[in-house]
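Printed here is coords-v4.pdb (PDB, C-alpha atoms, pLDDT in the B column):
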ATOM      1  CA  THR A  60       8.128 -12.564  -9.077  1.00 91.00           C
ATOM      2  CA  LEU A  61      10.152  -9.862 -10.804  1.00 93.00           C
ATOM      3  CA  ASN A  62      13.346 -10.250 -12.801  1.00 94.00           C
ATOM      4  CA  ARG A  63      15.432  -7.897 -10.653  1.00 95.00           C
ATOM      5  CA  GLY A  64      17.333  -8.897  -7.533  1.00 95.00           C
ATOM      6  CA  SER A  65      20.167  -8.015  -5.198  1.00 96.00           C
ATOM      7  CA  LEU A  66      22.619  -7.649  -8.104  1.00 96.00           C
ATOM      8  CA  LYS A  67      20.533  -4.611  -9.172  1.00 96.00           C
ATOM      9  CA  GLY A  68      20.291  -3.206  -5.630  1.00 95.00           C
ATOM     10  CA  VAL A  69      16.897  -4.670  -4.702  1.00 96.00           C
ATOM     11  CA  SER A  70      16.339  -5.413  -0.999  1.00 95.00           C
ATOM     12  CA  ILE A  71      13.563  -6.812   1.166  1.00 95.00           C
ATOM     13  CA  ASN A  72      10.919  -4.148   1.976  1.00 94.00           C
ATOM     14  CA  ASP A  73      11.601  -2.083  -1.154  1.00 96.00           C
ATOM     15  CA  PRO A  74       8.311  -0.535  -2.374  1.00 96.00           C
ATOM     16  CA  VAL A  75       6.998  -1.548  -5.801  1.00 97.00           C
ATOM     17  CA  ILE A  76       5.122   1.064  -7.825  1.00 97.00           C
ATOM     18  CA  PHE A  77       3.358   1.575 -11.143  1.00 96.00           C
ATOM     19  CA  GLY A  78       3.660   5.248 -12.045  1.00 95.00           C
ATOM     20  CA  LYS A  79       2.895   7.071  -8.771  1.00 95.00           C
ATOM     21  CA  ASN A  80       0.719   4.192  -7.578  1.00 97.00           C
ATOM     22  CA  LEU A  81       1.756   1.740  -4.891  1.00 97.00           C
ATOM     23  CA  VAL A  82       1.511  -1.921  -5.916  1.00 97.00           C
ATOM     24  CA  GLY A  83       3.205  -3.661  -2.966  1.00 96.00           C
ATOM     25  CA  LEU A  84       6.607  -4.447  -1.508  1.00 95.00           C
ATOM     26  CA  VAL A  85       9.500  -6.834  -1.970  1.00 97.00           C
ATOM     27  CA  VAL A  86       9.396  -9.756   0.489  1.00 96.00           C
ATOM     28  CA  GLY A  87      12.149 -12.000  -0.864  1.00 97.00           C
ATOM     29  CA  VAL A  88      15.308 -11.440  -2.892  1.00 97.00           C
ATOM     30  CA  THR A  89      17.794 -13.606  -4.801  1.00 97.00           C
ATOM     31  CA  PRO A  90      20.667 -12.211  -6.868  1.00 97.00           C
ATOM     32  CA  THR A  91      18.508 -12.034 -10.020  1.00 97.00           C
ATOM     33  CA  GLN A  92      14.868 -12.065  -8.845  1.00 97.00           C
ATOM     34  CA  CYS A  93      12.559 -10.780  -6.148  1.00 97.00           C
ATOM     35  CA  GLU A  94       9.179 -11.790  -4.792  1.00 97.00           C
ATOM     36  CA  VAL A  95       6.541  -9.104  -4.306  1.00 96.00           C
ATOM     37  CA  LYS A  96       3.416  -9.106  -2.147  1.00 96.00           C
ATOM     38  CA  THR A  97       0.725  -6.691  -3.281  1.00 95.00           C
ATOM     39  CA  LEU A  98      -1.678  -4.424  -1.425  1.00 96.00           C
ATOM     40  CA  LEU A  99      -4.243  -7.223  -1.747  1.00 96.00           C
ATOM     41  CA  ASN A 100      -2.157  -9.607   0.376  1.00 95.00           C
ATOM     42  CA  PRO A 101      -3.241  -9.809   4.052  1.00 93.00           C
ATOM     43  CA  SER A 102       0.373  -9.573   5.252  1.00 93.00           C
ATOM     44  CA  VAL A 103       0.817  -6.107   3.686  1.00 94.00           C
ATOM     45  CA  ASN A 104      -0.191  -3.128   5.848  1.00 95.00           C
ATOM     46  CA  VAL A 105       0.418   0.468   4.833  1.00 96.00           C
ATOM     47  CA  SER A 106       0.183   3.609   6.970  1.00 96.00           C
ATOM     48  CA  ALA A 107      -1.987   5.935   4.940  1.00 97.00           C
ATOM     49  CA  TYR A 108      -4.124   9.057   4.913  1.00 97.00           C
ATOM     50  CA  GLU A 109      -6.972  10.499   2.857  1.00 97.00           C
ATOM     51  CA  ILE A 110      -5.691  13.645   1.136  1.00 97.00           C
ATOM     52  CA  LYS A 111      -8.668  15.981   1.587  1.00 96.00           C
ATOM     53  CA  THR A 112      -9.469  15.272   5.242  1.00 96.00           C
ATOM     54  CA  ARG A 113      -5.916  14.244   6.284  1.00 96.00           C
ATOM     55  CA  GLU A 114      -7.493  11.425   8.331  1.00 96.00           C
ATOM     56  CA  LYS A 115      -5.025   8.640   9.023  1.00 96.00           C
ATOM     57  CA  GLY A 116      -5.454   4.897   9.087  1.00 95.00           C
ATOM     58  CA  THR A 117      -3.944   1.665   7.862  1.00 96.00           C
ATOM     59  CA  VAL A 118      -4.565   0.148   4.444  1.00 97.00           C
ATOM     60  CA  GLU A 119      -4.868  -3.605   4.727  1.00 96.00           C
ATOM     61  CA  ALA A 120      -6.367  -6.500   2.833  1.00 94.00           C
ATOM     62  CA  ASP A 121      -9.635  -8.208   3.674  1.00 89.00           C
ATOM     63  CA  ALA A 122     -10.071 -11.739   2.296  1.00 88.00           C
ATOM     64  CA  GLU A 123     -13.492 -11.104   0.739  1.00 91.00           C
ATOM     65  CA  LEU A 124     -12.727  -7.637  -0.605  1.00 93.00           C
ATOM     66  CA  SER A 125      -9.355  -8.728  -2.033  1.00 93.00           C
ATOM     67  CA  LYS A 126     -11.136 -11.181  -4.338  1.00 92.00           C
ATOM     68  CA  GLY A 127     -12.764  -8.191  -6.025  1.00 93.00           C
ATOM     69  CA  GLY A 128      -9.560  -6.130  -6.080  1.00 95.00           C
ATOM     70  CA  PHE A 129     -10.349  -3.923  -3.053  1.00 97.00           C
ATOM     71  CA  CYS A 130      -8.650  -3.229   0.291  1.00 96.00           C
ATOM     72  CA  LEU A 131      -9.570  -1.268   3.429  1.00 96.00           C
ATOM     73  CA  LEU A 132      -8.462   1.966   5.054  1.00 97.00           C
ATOM     74  CA  THR A 133      -9.162   0.964   8.645  1.00 95.00           C
ATOM     75  CA  ASP A 134      -9.739   2.654  11.989  1.00 91.00           C
ATOM     76  CA  LEU A 135     -11.334   5.903  10.875  1.00 95.00           C
ATOM     77  CA  ALA A 136     -13.354   7.803  13.484  1.00 93.00           C
ATOM     78  CA  GLY A 137     -17.083   7.109  13.612  1.00 91.00           C
ATOM     79  CA  SER A 138     -17.585  10.739  12.605  1.00 93.00           C
ATOM     80  CA  THR A 139     -15.183  10.442   9.666  1.00 93.00           C
ATOM     81  CA  ALA A 140     -15.295  13.093   6.965  1.00 94.00           C
ATOM     82  CA  VAL A 141     -13.783  10.684   4.414  1.00 94.00           C
ATOM     83  CA  VAL A 142     -16.241  10.236   1.541  1.00 94.00           C
ATOM     84  CA  GLU A 143     -16.608   8.233  -1.644  1.00 96.00           C
ATOM     85  CA  GLY A 144     -14.076   9.402  -4.224  1.00 97.00           C
ATOM     86  CA  GLY A 145     -11.471  10.421  -1.637  1.00 97.00           C
ATOM     87  CA  ILE A 146      -7.858   9.693  -2.582  1.00 98.00           C
ATOM     88  CA  VAL A 147      -5.783   7.555  -0.205  1.00 98.00           C
ATOM     89  CA  CYS A 148      -1.986   7.936  -0.155  1.00 98.00           C
ATOM     90  CA  THR A 149       0.939   6.538   1.805  1.00 97.00           C
ATOM     91  CA  SER A 150       1.782   8.569   4.914  1.00 96.00           C
ATOM     92  CA  GLY A 151       5.468   7.679   5.064  1.00 93.00           C
ATOM     93  CA  VAL A 152       5.097   6.698   8.741  1.00 92.00           C
ATOM     94  CA  GLY A 153       7.257   3.699   9.588  1.00 89.00           C
ATOM     95  CA  GLY A 154       9.772   4.173   6.787  1.00 90.00           C
ATOM     96  CA  LEU A 155       8.646   1.296   4.541  1.00 91.00           C
ATOM     97  CA  TYR A 156       6.999   3.512   1.917  1.00 95.00           C
ATOM     98  CA  PRO A 157       7.731   7.063   0.795  1.00 95.00           C
ATOM     99  CA  ARG A 158       5.059   9.622   1.594  1.00 95.00           C
ATOM    100  CA  ASP A 159       2.381  10.463  -0.990  1.00 96.00           C
ATOM    101  CA  LEU A 160       2.376   7.384  -3.199  1.00 97.00           C
ATOM    102  CA  ILE A 161      -1.194   6.939  -4.417  1.00 98.00           C
ATOM    103  CA  ILE A 162      -2.909   3.847  -3.067  1.00 98.00           C
ATOM    104  CA  GLY A 163      -6.371   4.342  -4.504  1.00 98.00           C
ATOM    105  CA  SER A 164      -9.835   5.842  -4.237  1.00 98.00           C
ATOM    106  CA  VAL A 165     -12.524   5.364  -1.618  1.00 98.00           C
ATOM    107  CA  THR A 166     -15.543   3.533  -3.010  1.00 97.00           C
ATOM    108  CA  ARG A 167     -17.642   3.440   0.184  1.00 96.00           C
ATOM    109  CA  ILE A 168     -17.543   3.825   3.971  1.00 96.00           C
ATOM    110  CA  ILE A 169     -18.602   0.907   6.158  1.00 94.00           C
ATOM    111  CA  PRO A 170     -18.936   0.487   9.938  1.00 93.00           C
ATOM    112  CA  GLN A 171     -16.243  -1.594  11.602  1.00 88.00           C
ATOM    113  CA  SER A 172     -17.859  -4.622  13.214  1.00 86.00           C
ATOM    114  CA  GLY A 173     -18.171  -4.381  17.000  1.00 89.00           C
ATOM    115  CA  THR A 174     -16.716  -0.854  17.332  1.00 91.00           C
ATOM    116  CA  SER A 175     -17.669   2.763  16.796  1.00 91.00           C
ATOM    117  CA  LEU A 176     -14.955   3.067  14.118  1.00 94.00           C
ATOM    118  CA  MET A 177     -15.414   3.164  10.359  1.00 95.00           C
ATOM    119  CA  ASP A 178     -13.492   1.630   7.460  1.00 95.00           C
ATOM    120  CA  ALA A 179     -13.183   2.944   3.921  1.00 97.00           C
ATOM    121  CA  VAL A 180     -13.249   0.446   1.062  1.00 97.00           C
ATOM    122  CA  VAL A 181     -10.437   1.418  -1.319  1.00 98.00           C
ATOM    123  CA  LYS A 182      -9.996   0.472  -4.979  1.00 97.00           C
ATOM    124  CA  PRO A 183      -6.256   0.568  -5.761  1.00 97.00           C
ATOM    125  CA  ASP A 184      -5.461   2.900  -8.661  1.00 96.00           C
ATOM    126  CA  ALA A 185      -2.917   0.423 -10.058  1.00 94.00           C
ATOM    127  CA  ASP A 186      -4.408  -2.630 -11.758  1.00 92.00           C
ATOM    128  CA  ILE A 187      -2.825  -4.978  -9.219  1.00 91.00           C
ATOM    129  CA  GLY A 188      -3.546  -8.156 -11.183  1.00 86.00           C
ATOM    130  CA  GLY A 189      -2.737  -6.690 -14.582  1.00 89.00           C
ATOM    131  CA  VAL A 190       0.398  -4.586 -14.273  1.00 90.00           C
ATOM    132  CA  THR A 191       3.334  -5.961 -16.204  1.00 87.00           C
ATOM    133  CA  ASP A 192       5.908  -3.179 -15.894  1.00 92.00           C
ATOM    134  CA  VAL A 193       6.669  -1.829 -12.426  1.00 96.00           C
ATOM    135  CA  PHE A 194       9.431   0.076 -10.686  1.00 96.00           C
ATOM    136  CA  ILE A 195      11.171  -0.933  -7.479  1.00 96.00           C
ATOM    137  CA  ILE A 196      12.177   1.975  -5.243  1.00 95.00           C
ATOM    138  CA  THR A 197      15.550   0.963  -3.829  1.00 93.00           C
ATOM    139  CA  SER A 198      16.212   4.146  -1.872  1.00 92.00           C
ATOM    140  CA  PHE A 199      14.228   7.124  -0.618  1.00 90.00           C
ATOM    141  CA  GLU A 200      14.545   9.777   2.076  1.00 86.00           C
ATOM    142  CA  GLY A 201      13.393   8.408   5.443  1.00 83.00           C
ATOM    143  CA  GLN A 202      13.635   4.769   4.354  1.00 84.00           C
ATOM    144  CA  GLN A 203      13.869   2.240   7.153  1.00 77.00           C
ATOM    145  CA  SER A 204      16.793  -0.145   6.824  1.00 66.00           C
ATOM    146  CA  PRO A 205      16.165  -3.929   6.895  1.00 56.00           C
ATOM    147  CA  ALA A 206      18.000  -4.054  10.261  1.00 53.00           C
ATOM    148  CA  GLU A 207      15.495  -1.559  11.728  1.00 53.00           C
ATOM    149  CA  SER A 208      12.526  -3.636  10.532  1.00 51.00           C
ATOM    150  CA  GLY A 209      13.862  -6.809  12.125  1.00 47.00           C
ATOM    151  CA  ASP A 210      14.508  -8.580   8.791  1.00 42.00           C
TER
END

Now that the file is in, can you turn its structure into structure tokens?
Amino acid sequence: TLNRGSLKGVSINDPVIFGKNLVGLVVGVTPTQCEVKTLLNPSVNVSAYEIKTREKGTVEADAELSKGGFCLLTDLAGSTAVVEGGIVCTSGVGGLYPRDLIIGSVTRIIPQSGTSLMDAVVKPDADIGGVTDVFIITSFEGQQSPAESGD
């Protein structure tokens, strides 16, 4: 919970950042507060890409990995060129997040169970559990309005 709300222009689906690093998004708003879900929450999905290879996927939480502070970049091709150390950023697709916010770094590539696809384990660059001062992006070019998202 953050101490900024609708009186300061905060709306549902506003991205929350620490520096240039994505932390999560606003999911509830009162006049003076807002609730944020982080990248480590299973209900948060982010369209993303790895900057060197430009391969696209979705960053999402996995219950076991989230306990250790990690998330996944899912649905990479079986022949993926994404490697350990690769930087994962928001793609801007869908209008919930601006393009090129840093999500984190790839720590390893793992096969996706039951498919020929691969997933990249990603360590968020922001200390999700430890950040105390964040920014809420209330407006950006290409932002989807709450009406467009169905909220």

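Closest approach to Gly87 of chain A among A:Gly127, A:Gly189, A:Gly64, A:Gly173: A:Gly64, based on all atoms listed in the file.
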
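Atom CA of Asn80 of chain A to atom CA of Val147 of chain A spans 10.4 Å [interatomic distance, one decimal].
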
Task: Expected selection from the PyMOL selection byres ((chain A and resi 170) around 12), given as a VMD selection string - done: chain A and resid 131 to 139 167 to 169 171 to 180

All file atoms of segment 63-69 of chain A boxed axis-aligned, 3 Å per side, centre plus edges, as lines of an AutoDock Vina configuration file:
center_x = 19.0
center_y = -6.1
center_z = -7.7
size_x = 13.2
size_y = 11.7
size_z = 12.0

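The residue that comes closest to Asn72 of chain A, out of A:Ser125, A:Thr97, A:Thr117, A:Thr91 and on the basis of only C-alpha atoms, is A:Thr97.
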
Open item on the list: Can you spell out as an NGL selection string the set of residues that the PyMOL selection byres ((chain A and resi 98-110) around 9) selects in the structure I just provided?
Closed with: :A and (81-84 or 96-97 or 111-122 or 124-126 or 128-130 or 132 or 141 or 145-153 or 155-156 or 158-159 or 162 or 164-165 or 183 or 187)

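The gap separating atom CA of Val69 of chain A from atom CA of Thr197 of chain A is 5.9 Å, in Å to one decimal.
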
Open item on the list: Please enumerate the residues selected by the PyMOL selection byres ((chain A and resi 198) around 12) when evaluated against the supplied file, formatted as a PyMOL selection string.
Closed with: chain A and resi 68-75+154-157+194-197+199-205

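Distances from A:Leu66, A:Ile161, A:Val190, A:Ile76 to Thr89 of chain A were compared using only C-alpha atoms, and the smallest one belongs to A:Leu66.
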
Task: Nearest candidate to Val95 of chain A (options A:Glu123, A:Val142, A:Leu61, A:Gly78; using all atoms listed in the file) - done: A:Leu61

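Minimum atom-to-atom distance to Leu160 of chain A, evaluated using only C-alpha atoms, belongs to A:Ala185 out of A:Lys67, A:Ala185, A:Asn62, A:Pro90.
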
Open item on the list: I need the residue nearest Val85 of chain A from this list: A:Asp186, A:Val193, A:Val181, A:Gly163. Use all atoms listed in the file for the distance.
Closed with: A:Val193
